[in-house]
file work.txt (compact mmCIF, C-alpha atoms and all ligand atoms)
# COMPACT_ATOMS: atom_id res chain seq x y z
CA MET A 1 -24.03 -3.41 -18.36
CA SER A 2 -23.46 -6.31 -15.92
CA ALA A 3 -23.47 -5.87 -12.13
CA THR A 4 -19.69 -6.22 -12.01
CA ASN A 5 -19.41 -3.30 -14.43
CA ARG A 6 -21.15 -1.04 -11.90
CA LEU A 7 -18.72 -0.36 -9.10
CA LYS A 8 -19.52 1.38 -5.82
CA ILE A 9 -16.33 2.90 -4.50
CA ALA A 10 -15.97 4.64 -1.14
CA THR A 11 -13.46 7.47 -1.50
CA ILE A 12 -11.53 8.95 1.43
CA PRO A 13 -9.14 11.67 0.25
CA GLY A 14 -8.07 12.22 3.89
CA ASP A 15 -5.29 14.69 4.55
CA GLY A 16 -2.66 16.75 2.77
CA ILE A 17 -1.72 15.55 -0.70
CA GLY A 18 -4.34 12.79 -0.40
CA ARG A 19 -6.84 15.49 -1.39
CA GLU A 20 -4.80 16.31 -4.50
CA VAL A 21 -4.01 12.81 -5.72
CA VAL A 22 -7.37 11.08 -5.11
CA PRO A 23 -9.16 13.33 -7.67
CA GLU A 24 -6.50 12.35 -10.23
CA GLY A 25 -7.10 8.67 -9.48
CA MET A 26 -10.84 9.25 -9.97
CA ARG A 27 -10.22 11.15 -13.21
CA VAL A 28 -8.25 8.19 -14.56
CA LEU A 29 -10.89 5.71 -13.36
CA GLU A 30 -13.62 7.71 -15.15
CA ALA A 31 -11.54 7.70 -18.34
CA VAL A 32 -10.88 3.96 -18.22
CA GLY A 33 -14.53 3.37 -17.29
CA ARG A 34 -15.67 5.13 -20.49
CA ARG A 35 -13.34 2.96 -22.55
CA PHE A 36 -14.17 -0.37 -20.89
CA ASP A 37 -17.85 0.25 -20.13
CA ILE A 38 -17.46 0.40 -16.34
CA ALA A 39 -19.70 2.80 -14.37
CA PHE A 40 -18.32 4.13 -11.09
CA GLN A 41 -20.38 5.42 -8.20
CA PHE A 42 -17.99 7.33 -5.94
CA ASP A 43 -19.24 7.94 -2.40
CA GLU A 44 -16.86 10.41 -0.77
CA VAL A 45 -16.43 11.15 2.93
CA ASP A 46 -14.41 13.91 4.63
CA TRP A 47 -12.90 11.68 7.36
CA SER A 48 -9.52 13.19 8.14
CA CYS A 49 -7.55 15.20 10.69
CA ASP A 50 -9.79 18.21 9.88
CA TYR A 51 -12.78 16.04 10.76
CA TYR A 52 -10.98 15.14 14.01
CA LYS A 53 -10.48 18.81 14.89
CA LYS A 54 -14.23 19.44 14.49
CA HIS A 55 -15.62 16.21 15.98
CA GLY A 56 -12.89 14.78 18.24
CA ARG A 57 -12.67 11.61 16.17
CA MET A 58 -11.31 10.71 12.74
CA MET A 59 -14.63 9.31 11.49
CA PRO A 60 -18.15 8.88 12.84
CA GLU A 61 -18.85 6.03 15.25
CA ASN A 62 -19.98 3.05 13.13
CA GLY A 63 -18.92 5.08 10.07
CA LEU A 64 -17.59 1.98 8.36
CA ASP A 65 -21.06 0.39 8.36
CA GLN A 66 -21.99 2.58 5.40
CA PHE A 67 -19.22 0.98 3.30
CA ARG A 68 -19.65 -2.72 4.13
CA GLN A 69 -21.50 -3.35 0.87
CA HIS A 70 -19.19 -1.25 -1.31
CA ASP A 71 -16.88 -2.90 -3.83
CA ALA A 72 -13.76 -1.15 -2.56
CA VAL A 73 -12.35 1.76 -0.59
CA PHE A 74 -10.08 4.24 -2.40
CA LEU A 75 -8.01 6.20 0.11
CA GLY A 76 -5.47 9.02 -0.24
CA ALA A 77 -3.44 9.77 2.88
CA VAL A 78 -3.92 10.04 6.63
CA GLY A 79 -2.05 12.31 9.04
CA TRP A 80 -1.49 15.99 9.74
CA PRO A 81 1.00 17.66 12.10
CA GLU A 82 -1.58 19.10 14.54
CA VAL A 83 -2.96 15.62 15.30
CA PRO A 84 -0.58 13.02 16.80
CA ASP A 85 0.21 10.40 14.13
CA HIS A 86 -0.88 7.49 16.30
CA VAL A 87 -4.27 9.18 16.84
CA SER A 88 -4.92 9.65 13.12
CA LEU A 89 -3.66 6.20 12.12
CA TRP A 90 -5.56 4.36 14.87
CA GLY A 91 -8.63 6.52 14.27
CA LEU A 92 -9.02 5.79 10.57
CA LEU A 93 -6.58 3.61 8.61
CA ILE A 94 -6.15 0.81 11.13
CA PRO A 95 -9.88 0.42 11.92
CA ILE A 96 -10.59 0.06 8.18
CA ARG A 97 -7.89 -2.60 7.78
CA ARG A 98 -9.11 -4.50 10.84
CA ASP A 99 -12.90 -4.14 10.51
CA PHE A 100 -12.71 -5.24 6.87
CA ASN A 101 -10.22 -8.01 7.71
CA GLN A 102 -7.73 -6.73 5.13
CA TYR A 103 -4.95 -8.93 6.45
CA VAL A 104 -2.72 -8.71 3.38
CA ASN A 105 -1.03 -5.49 2.36
CA LEU A 106 0.33 -6.06 -1.13
CA ARG A 107 2.93 -3.61 -2.39
CA PRO A 108 4.53 -4.10 -5.82
CA VAL A 109 8.02 -2.75 -6.40
CA ARG A 110 8.76 -2.38 -10.09
CA LEU A 111 10.85 -0.13 -12.26
CA LEU A 112 8.19 1.34 -14.54
CA LYS A 113 9.10 2.04 -18.16
CA GLY A 114 10.37 5.58 -18.37
CA THR A 115 11.80 5.61 -14.84
CA THR A 116 15.35 5.08 -13.69
CA SER A 117 16.57 3.60 -10.45
CA PRO A 118 18.93 5.67 -8.27
CA LEU A 119 21.02 2.47 -8.14
CA ALA A 120 23.78 2.41 -10.74
CA ASN A 121 23.28 0.01 -13.68
CA ARG A 122 19.94 -1.36 -12.50
CA GLY A 123 17.17 -1.83 -15.08
CA PRO A 124 13.58 -3.17 -15.08
CA GLU A 125 14.82 -6.77 -15.16
CA ASP A 126 16.56 -6.18 -11.81
CA ILE A 127 13.70 -4.61 -9.86
CA ASP A 128 10.43 -6.50 -10.00
CA PHE A 129 9.13 -7.92 -6.75
CA TYR A 130 6.26 -7.76 -4.26
CA VAL A 131 6.32 -6.95 -0.57
CA VAL A 132 3.55 -8.83 1.24
CA ARG A 133 2.94 -7.19 4.60
CA GLU A 134 0.91 -8.71 7.42
CA ASN A 135 -1.68 -5.99 7.94
CA VAL A 136 -3.82 -6.47 11.04
CA GLU A 137 -1.67 -7.71 13.93
CA GLY A 138 2.05 -7.99 14.82
CA GLU A 139 3.78 -4.89 16.09
CA TYR A 140 0.73 -2.69 15.38
CA SER A 141 -0.99 -3.54 18.63
CA GLU A 142 -2.88 -1.81 21.44
CA ALA A 143 -1.46 -4.26 24.00
CA GLY A 144 0.76 -2.49 26.48
CA GLY A 145 0.55 0.74 28.36
CA ARG A 146 2.31 3.55 30.17
CA LEU A 147 2.93 3.89 33.87
CA TYR A 148 4.25 6.49 36.30
CA ARG A 149 3.90 9.27 33.75
CA GLY A 150 6.00 12.31 34.44
CA THR A 151 8.10 10.60 37.12
CA GLU A 152 11.61 9.20 37.05
CA ASN A 153 10.06 5.73 36.98
CA GLU A 154 8.06 6.44 33.82
CA LEU A 155 7.84 3.45 31.50
CA ALA A 156 6.13 2.32 28.32
CA ILE A 157 5.37 -1.27 27.34
CA GLN A 158 4.41 -2.22 23.79
CA GLU A 159 3.51 -5.81 23.07
CA SER A 160 3.37 -7.47 19.66
CA ILE A 161 0.73 -10.03 18.84
CA PHE A 162 1.43 -12.84 16.39
CA THR A 163 -1.25 -15.49 16.10
CA ARG A 164 -0.78 -18.80 14.33
CA ARG A 165 -3.85 -18.10 12.21
CA GLY A 166 -2.67 -14.57 11.38
CA VAL A 167 0.87 -15.60 10.45
CA ASP A 168 -0.17 -18.68 8.48
CA ARG A 169 -2.72 -16.90 6.33
CA VAL A 170 -0.34 -14.15 5.22
CA LEU A 171 2.45 -16.67 4.58
CA ARG A 172 0.07 -18.79 2.53
CA TYR A 173 -0.91 -15.72 0.50
CA ALA A 174 2.78 -15.04 -0.22
CA PHE A 175 3.44 -18.63 -1.32
CA GLU A 176 0.35 -18.65 -3.54
CA LEU A 177 1.43 -15.35 -5.09
CA ALA A 178 4.89 -16.78 -5.78
CA ARG A 179 3.25 -19.68 -7.60
CA THR A 180 1.80 -17.22 -10.12
CA ARG A 181 5.22 -15.71 -10.88
CA PRO A 182 7.98 -17.05 -13.12
CA ARG A 183 10.69 -17.10 -10.43
CA LYS A 184 8.58 -18.80 -7.78
CA GLN A 185 10.52 -17.57 -4.79
CA VAL A 186 9.55 -16.33 -1.30
CA THR A 187 11.83 -14.44 1.08
CA SER A 188 10.90 -14.08 4.74
CA ALA A 189 11.93 -11.06 6.85
CA THR A 190 12.40 -11.47 10.59
CA LYS A 191 14.78 -10.55 13.41
CA SER A 192 14.87 -13.84 15.23
CA ASN A 193 18.18 -13.30 16.95
CA GLY A 194 17.07 -10.21 18.86
CA ILE A 195 13.29 -10.66 19.16
CA ILE A 196 13.11 -13.99 20.84
CA HIS A 197 9.43 -14.95 21.00
CA THR A 198 7.49 -13.66 18.03
CA MET A 199 10.19 -13.92 15.37
CA PRO A 200 11.27 -17.54 16.00
CA PHE A 201 7.53 -18.32 16.00
CA TRP A 202 7.25 -16.67 12.55
CA ASP A 203 10.29 -18.71 11.38
CA GLU A 204 8.64 -21.94 12.58
CA ARG A 205 5.43 -21.14 10.74
CA PHE A 206 7.47 -20.23 7.63
CA ALA A 207 9.21 -23.64 7.78
CA ALA A 208 5.84 -25.40 8.15
CA MET A 209 4.35 -23.47 5.22
CA LYS A 210 7.39 -24.12 3.04
CA ALA A 211 6.80 -27.85 3.42
CA ASP A 212 3.44 -27.38 1.65
CA TYR A 213 5.12 -25.64 -1.31
CA PRO A 214 8.04 -27.79 -2.53
CA ASP A 215 7.88 -25.98 -5.90
CA ILE A 216 8.75 -22.60 -4.29
CA ALA A 217 12.34 -21.59 -3.51
CA THR A 218 12.79 -19.82 -0.19
CA SER A 219 15.24 -17.59 1.62
CA GLN A 220 15.22 -15.92 5.05
CA TYR A 221 17.02 -12.81 6.27
CA HIS A 222 17.11 -10.65 9.34
CA ILE A 223 15.50 -7.32 8.56
CA ASP A 224 18.73 -5.30 8.90
CA ILE A 225 20.74 -7.20 6.29
CA LEU A 226 17.62 -7.54 4.14
CA CYS A 227 17.44 -3.73 3.90
CA ALA A 228 21.05 -3.73 2.70
CA HIS A 229 20.29 -6.44 0.13
CA PHE A 230 17.30 -4.44 -1.21
CA VAL A 231 19.76 -1.71 -2.14
CA GLN A 232 22.69 -3.88 -3.25
CA HIS A 233 20.89 -6.86 -4.80
CA PRO A 234 17.25 -5.97 -5.66
CA ASP A 235 17.42 -8.68 -8.33
CA TRP A 236 17.50 -11.39 -5.61
CA PHE A 237 13.85 -10.84 -4.71
CA ASP A 238 10.49 -12.04 -6.03
CA VAL A 239 7.95 -12.15 -3.15
CA VAL A 240 9.11 -10.80 0.21
CA VAL A 241 6.85 -11.44 3.21
CA GLY A 242 7.13 -9.72 6.57
CA SER A 243 5.30 -8.63 9.67
CA ASN A 244 3.25 -5.43 9.88
CA LEU A 245 6.22 -3.25 10.86
CA PHE A 246 8.92 -4.91 8.77
CA GLY A 247 6.61 -5.02 5.73
CA ASP A 248 5.89 -1.32 6.17
CA ILE A 249 9.58 -0.42 6.28
CA LEU A 250 10.50 -2.64 3.32
CA SER A 251 7.71 -1.23 1.22
CA ASP A 252 9.04 2.33 1.59
CA LEU A 253 12.59 1.19 0.90
CA GLY A 254 11.52 -0.82 -2.18
CA PRO A 255 10.00 2.12 -4.10
CA ALA A 256 12.95 4.33 -3.14
CA VAL A 257 15.11 1.77 -4.93
CA ALA A 258 12.68 1.92 -7.88
CA GLY A 259 12.85 5.71 -8.22
CA SER A 260 10.32 7.47 -5.99
CA ILE A 261 8.04 6.73 -3.06
CA GLY A 262 5.50 8.91 -4.94
CA ILE A 263 4.86 6.13 -7.45
CA ALA A 264 4.31 3.31 -4.95
CA PRO A 265 0.82 1.74 -4.76
CA SER A 266 -0.69 -0.62 -2.24
CA ALA A 267 -3.66 -2.92 -1.86
CA ASN A 268 -5.07 -3.77 1.57
CA ILE A 269 -6.72 -7.03 0.65
CA ASN A 270 -9.43 -9.09 2.25
CA PRO A 271 -8.62 -12.22 0.24
CA GLU A 272 -11.89 -13.99 1.08
CA GLY A 273 -13.91 -11.10 -0.40
CA ASP A 274 -16.23 -10.89 2.65
CA PHE A 275 -15.48 -7.18 2.96
CA PRO A 276 -14.28 -4.42 0.65
CA SER A 277 -10.53 -4.19 0.08
CA MET A 278 -8.82 -0.80 0.24
CA PHE A 279 -6.40 0.77 -2.22
CA GLU A 280 -4.05 3.60 -1.25
CA PRO A 281 -0.64 4.92 -2.22
CA VAL A 282 2.21 3.93 0.10
CA HIS A 283 3.09 7.58 0.74
CA GLY A 284 1.52 9.69 3.46
CA SER A 285 0.00 13.18 3.48
CA ALA A 286 3.34 14.99 2.83
CA PRO A 287 2.59 18.28 4.67
CA ASP A 288 5.76 19.83 3.21
CA ILE A 289 4.34 19.84 -0.32
CA ALA A 290 0.59 19.75 0.38
CA GLY A 291 -1.48 22.46 -1.30
CA LYS A 292 1.14 23.23 -3.92
CA GLY A 293 -0.23 21.01 -6.68
CA ILE A 294 3.11 19.29 -7.20
CA ALA A 295 2.53 15.87 -5.63
CA ASN A 296 3.06 12.82 -7.80
CA PRO A 297 -0.34 11.20 -8.54
CA ILE A 298 1.20 7.97 -9.88
CA GLY A 299 1.04 6.09 -6.53
CA GLN A 300 -2.71 6.83 -6.36
CA ILE A 301 -3.30 6.02 -10.04
CA TRP A 302 -1.33 2.76 -9.82
CA SER A 303 -3.43 1.92 -6.73
CA ALA A 304 -6.52 2.51 -8.91
CA ALA A 305 -5.09 -0.03 -11.38
CA MET A 306 -4.63 -2.54 -8.54
CA MET A 307 -8.25 -1.92 -7.52
CA LEU A 308 -9.48 -2.57 -11.08
CA GLU A 309 -7.51 -5.81 -11.27
CA HIS A 310 -8.80 -6.92 -7.86
CA LEU A 311 -12.38 -6.26 -9.02
CA GLY A 312 -11.92 -8.41 -12.13
CA HIS A 313 -11.08 -5.72 -14.69
CA LYS A 314 -7.58 -6.79 -15.69
CA ASP A 315 -7.82 -5.23 -19.18
CA ALA A 316 -8.75 -1.86 -17.71
CA ALA A 317 -5.94 -2.18 -15.12
CA ASP A 318 -3.41 -2.95 -17.86
CA ALA A 319 -4.63 0.08 -19.85
CA VAL A 320 -4.01 2.33 -16.82
CA ILE A 321 -0.47 0.97 -16.31
CA ALA A 322 0.31 1.31 -20.03
CA ALA A 323 -0.95 4.93 -20.02
CA MET A 324 1.11 5.71 -16.89
CA GLU A 325 4.22 4.33 -18.57
CA THR A 326 3.56 6.26 -21.79
CA VAL A 327 3.15 9.51 -19.87
CA ILE A 328 6.18 9.20 -17.62
CA ALA A 329 8.37 8.24 -20.56
CA ASP A 330 8.03 11.93 -21.49
CA PRO A 331 10.15 13.97 -19.05
CA ALA A 332 7.80 16.96 -19.53
CA SER A 333 4.92 15.03 -17.93
CA ARG A 334 6.85 13.93 -14.86
CA THR A 335 6.39 15.54 -11.47
CA ARG A 336 9.34 17.04 -9.58
CA ASP A 337 10.18 13.96 -7.53
CA MET A 338 10.84 12.24 -10.88
CA GLY A 339 12.94 15.07 -12.23
CA GLY A 340 10.18 16.84 -14.21
CA LYS A 341 8.16 20.03 -13.78
CA ALA A 342 4.58 18.83 -14.30
CA GLY A 343 1.94 19.47 -11.65
CA THR A 344 -0.31 16.83 -10.08
CA ALA A 345 -3.30 17.60 -12.30
CA GLU A 346 -1.19 17.90 -15.46
CA CYS A 347 0.23 14.42 -14.91
CA GLY A 348 -3.23 12.96 -14.11
CA GLU A 349 -4.82 14.67 -17.14
CA ALA A 350 -2.07 13.34 -19.41
CA ILE A 351 -2.69 9.77 -18.22
CA ALA A 352 -6.47 10.12 -18.63
CA SER A 353 -5.97 11.54 -22.18
CA VAL A 354 -3.78 8.61 -23.24
CA ILE A 355 -6.50 6.22 -22.00
CA SER A 356 -9.21 8.13 -23.86
CA ALA A 357 -7.25 8.55 -27.14
N1 LIG A 401 -1.47 6.51 1.97
C1 LIG A 401 -1.76 6.08 3.26
C2 LIG A 401 -1.05 6.85 4.33
O1 LIG A 401 -1.41 7.96 4.63
N2 LIG A 401 -0.05 6.23 4.92
C3 LIG A 401 0.68 6.87 5.98
C4 LIG A 401 1.17 5.94 7.01
O2 LIG A 401 1.96 6.31 7.84
N3 LIG A 401 0.74 4.70 7.00
C5 LIG A 401 1.16 3.79 7.95
C6 LIG A 401 0.81 2.41 7.54
O3 LIG A 401 0.61 2.14 6.37
O4 LIG A 401 0.75 1.57 8.41
call {"tool": "encode", "arguments": {"input": "work.txt", "output": "structure tokens", "more": "lines below"}}
Ligand code: GGG
result
Amino acid sequence: MSATNRLKIATIPGDGIGREVVPEGMRVLEAVGRRFDIAFQFDEVDWSCDYYKKHGRMMPENGLDQFRQHDAVFLGAVGWPEVPDHVSLWGLLIPIRRDFNQYVNLRPVRLLKGTTSPLANRGPEDIDFYVVRENVEGEYSEAGGRLYRGTENELAIQESIFTRRGVDRVLRYAFELARTRPRKQVTSATKSNGIIHTMPFWDERFAAMKADYPDIATSQYHIDILCAHFVQHPDWFDVVVGSNLFGDILSDLGPAVAGSIGIAPSANINPEGDFPSMFEPVHGSAPDIAGKGIANPIGQIWSAAMMLEHLGHKDAADAVIAAMETVIADPASRTRDMGGKAGTAECGEAIASVISA
């Protein structure tokens, strides 16, 4: 077995349904590993809101040092009602993205075989695009502060940070991705009429980047009308690139258009490969359904497929996607969010069995 067939994966189930869907992702990875001769070493940590309640932090100080040499991080969900969301996100997810320089968040939006869009008369040929989200700067920023708390003069300032290097590298990633796709098209999301410094800057960098890619068609929309177009014309899009906040919003809207947020995967990529990349479903910890065994594991399992592809195992990734599509074609194997009655483990087991058959 070659070195690249031995994969060291850091697993962080995290909170809520993350703890239910990560084991299904691992089950599927084990099954595909047996078929394609890949050995996984899973190193799991309990970093989460529960960890925060015991230790006053979401993970140990320098906790990430233990994963710098791993091949990838496989994460479930972060957040729980008793811990403020900004504390859990800034205590775990954001430090991983930043410390490991995962500046691209890649989120495919595709109508899988066996699923139907809530949009009338829309099929797989209409919904097949990527959202490329800038992942380490932009609106997700510590710059700012609060003053005069508890008084009539109370105020909060939140600054966004857009660097030329940060914007250019994510735009370049989007253009390069478009080059690998038949339609060769990039759409940029901004709000340059209302946000008068950062967004015109993004537009300028987009224009400069476009000049390097004469073979790629481009379009630009303000985020508000772009959201409307996602719903009314999903077939217009191929690669959509946006800032940290706009990319986050678009990549929840995209999967809703493709059937269910429960199926949506994401890859937090360090394109240079200096650090591990991280793979996680788009959805959060879903406290309303946590502990019931009914969460959809497809977002986690599709994220596992993205991880395999990123680590050079395209055949294994394709086998996972094919098995997912076989299983969800059968209404009996679908979870509730997709109109079925199957539980999380049932759906995961069915996908693993198809891979092993
Ligand atoms: N599956 C990861 C997760 O828990 N996401 C919840 C969330 O709110 N993420 C915010 C973000 O991706 O920036």
call {"tool": "atom_distance", "arguments": {"input": "work.txt", "atom1": "CA of Tyr173 in chain A", "atom2": "CA of Leu93 in chain A"}}
result
21.7 Å
call {"tool": "closest_residue", "arguments": {"input": "work.txt", "among": "A:Thr180, A:Ser141, A:Asn135, A:Thr11", "to": "ligand LIG 401 (chain A)", "atoms": "only C-alpha atoms and all ligand atoms"}}
result
A:Asn135
call {"tool": "residues_near_ligand", "arguments": {"input": "work.txt", "ligand": "ligand LIG 401 (chain A)", "cutoff": "6 Å", "atoms": "only C-alpha atoms and all ligand atoms", "output": "PyMOL selection string"}}
result
chain A and resi 76-78+280-285
call {"tool": "closest_residue", "arguments": {"input": "work.txt", "among": "A:Gly291, A:Gly259, A:Gly273, A:Gly91", "to": "Gly114 in chain A", "atoms": "all atoms listed in the file"}}
result
A:Gly259
call {"tool": "atom_distance", "arguments": {"input": "work.txt", "atom1": "CA of Thr115 in chain A", "atom2": "CA of Lys341 in chain A"}}
result
14.9 Å
call {"tool": "closest_residue", "arguments": {"input": "work.txt", "among": "A:Ser48, A:Asn244, A:Gln41, A:Ser303", "to": "Pro13 in chain A", "atoms": "only C-alpha atoms"}}
result
A:Ser48
call {"tool": "closest_residue", "arguments": {"input": "work.txt", "among": "A:Trp47, A:Phe67, A:Tyr148, A:Trp302", "to": "Asp15 in chain A", "atoms": "only C-alpha atoms"}}
result
A:Trp47
call {"tool": "closest_residue", "arguments": {"input": "work.txt", "among": "A:Arg149, A:Arg179, A:Lys292, A:Arg107", "to": "Ile249 in chain A", "atoms": "all atoms listed in the file"}}
result
A:Arg107
call {"tool": "residues_around", "arguments": {"input": "work.txt", "residues": "Ile298 in chain A", "least_positions_apart": "6", "cutoff": "10 Å", "atoms": "all atoms listed in the file", "output": "list in words"}}
result
Val21, Glu24, Gly25, Ser260, Ile261, Gly262, Ile263, Ala264, Pro265, Pro281, Ala304, Ile321, Met324, Glu325, Ile328, Arg334, Thr335, Thr344, Cys347, Gly348 and Ile351 of chain A
call {"tool": "residues_near_point", "arguments": {"input": "work.txt", "point": "(-0.7, 15.7, 13.3)", "cutoff": "12 Å", "atoms": "all atoms listed in the file", "output": "list in words"}}
result
Asp15, Gly16, Ser48, Cys49, Asp50, Tyr52, Lys53, Met58, Val78, Gly79, Trp80, Pro81, Glu82, Val83, Pro84, Asp85, His86, Val87, Ser88, Leu89, Gly284, Ser285, Ala286 and Pro287 of chain A
call {"tool": "residues_near_point", "arguments": {"input": "work.txt", "point": "(9.9, -24.9, -6.2)", "cutoff": "12 Å", "atoms": "only C-alpha atoms", "output": "list of chain:residue names"}}
result
A:Phe175, A:Glu176, A:Ala178, A:Arg179, A:Thr180, A:Arg181, A:Pro182, A:Arg183, A:Lys184, A:Gln185, A:Val186, A:Lys210, A:Ala211, A:Asp212, A:Tyr213, A:Pro214, A:Asp215, A:Ile216, A:Ala217, A:Thr218, A:Ser219
call {"tool": "write_last_selection", "arguments": {"input": "work.txt", "atoms": "C-alpha atoms", "output": "CSV table (one decimal), in the frame of the given file"}}
result
chain,number,residue,atom,x,y,z
A,175,PHE,CA,3.4,-18.6,-1.3
A,176,GLU,CA,0.4,-18.6,-3.5
A,178,ALA,CA,4.9,-16.8,-5.8
A,179,ARG,CA,3.2,-19.7,-7.6
A,180,THR,CA,1.8,-17.2,-10.1
A,181,ARG,CA,5.2,-15.7,-10.9
A,182,PRO,CA,8.0,-17.0,-13.1
A,183,ARG,CA,10.7,-17.1,-10.4
A,184,LYS,CA,8.6,-18.8,-7.8
A,185,GLN,CA,10.5,-17.6,-4.8
A,186,VAL,CA,9.6,-16.3,-1.3
A,210,LYS,CA,7.4,-24.1,3.0
A,211,ALA,CA,6.8,-27.8,3.4
A,212,ASP,CA,3.4,-27.4,1.6
A,213,TYR,CA,5.1,-25.6,-1.3
A,214,PRO,CA,8.0,-27.8,-2.5
A,215,ASP,CA,7.9,-26.0,-5.9
A,216,ILE,CA,8.8,-22.6,-4.3
A,217,ALA,CA,12.3,-21.6,-3.5
A,218,THR,CA,12.8,-19.8,-0.2
A,219,SER,CA,15.2,-17.6,1.6
call {"tool": "closest_residue", "arguments": {"input": "work.txt", "among": "A:Pro200, A:Pro276, A:Ser251, A:Met338", "to": "Asp99 in chain A", "atoms": "all atoms listed in the file"}}
result
A:Pro276
call {"tool": "axis_aligned_box", "arguments": {"input": "work.txt", "around": "range 180-187 of chain A", "padding_each_side": "8 Å", "output": "JSON"}}
result
{"center_x": 6.8, "center_y": -16.6, "center_z": -6.0, "size_x": 26.0, "size_y": 20.4, "size_z": 30.2}
call {"tool": "atom_distance", "arguments": {"input": "work.txt", "atom1": "CA of Glu30 in chain A", "atom2": "CA of Pro297 in chain A"}}
result
15.2 Å
call {"tool": "residues_around", "arguments": {"input": "work.txt", "residues": "Asp224 in chain A", "least_positions_apart": "2", "cutoff": "10 Å", "atoms": "all atoms listed in the file", "output": "count of residues only"}}
result
10
call {"tool": "decode", "arguments": {"input": "work.txt", "residues": "range 88-111 of chain A", "atoms": "C-alpha atoms", "output": "CSV table (one decimal), in the first residue's frame"}}
result
chain,number,residue,atom,x,y,z
A,88,SER,CA,-18.4,28.6,19.2
A,89,LEU,CA,-17.7,29.7,15.6
A,90,TRP,CA,-14.7,31.9,16.6
A,91,GLY,CA,-13.5,29.2,19.0
A,92,LEU,CA,-13.3,26.3,16.6
A,93,LEU,CA,-14.4,26.6,13.0
A,94,ILE,CA,-12.8,29.9,12.1
A,95,PRO,CA,-9.4,29.2,13.8
A,96,ILE,CA,-9.2,26.0,11.8
A,97,ARG,CA,-9.9,27.8,8.5
A,98,ARG,CA,-7.4,30.6,9.3
A,99,ASP,CA,-4.6,28.6,10.9
A,100,PHE,CA,-4.6,26.1,8.0
A,101,ASN,CA,-5.0,28.9,5.5
A,102,GLN,CA,-8.1,27.3,4.0
A,103,TYR,CA,-9.0,30.4,2.0
A,104,VAL,CA,-11.4,28.7,-0.5
A,105,ASN,CA,-14.7,27.3,0.6
A,106,LEU,CA,-16.0,25.2,-2.2
A,107,ARG,CA,-19.7,24.3,-2.2
A,108,PRO,CA,-21.2,22.3,-5.1
A,109,VAL,CA,-24.9,22.8,-5.8
A,110,ARG,CA,-26.2,19.9,-7.9
A,111,LEU,CA,-29.5,18.1,-8.3
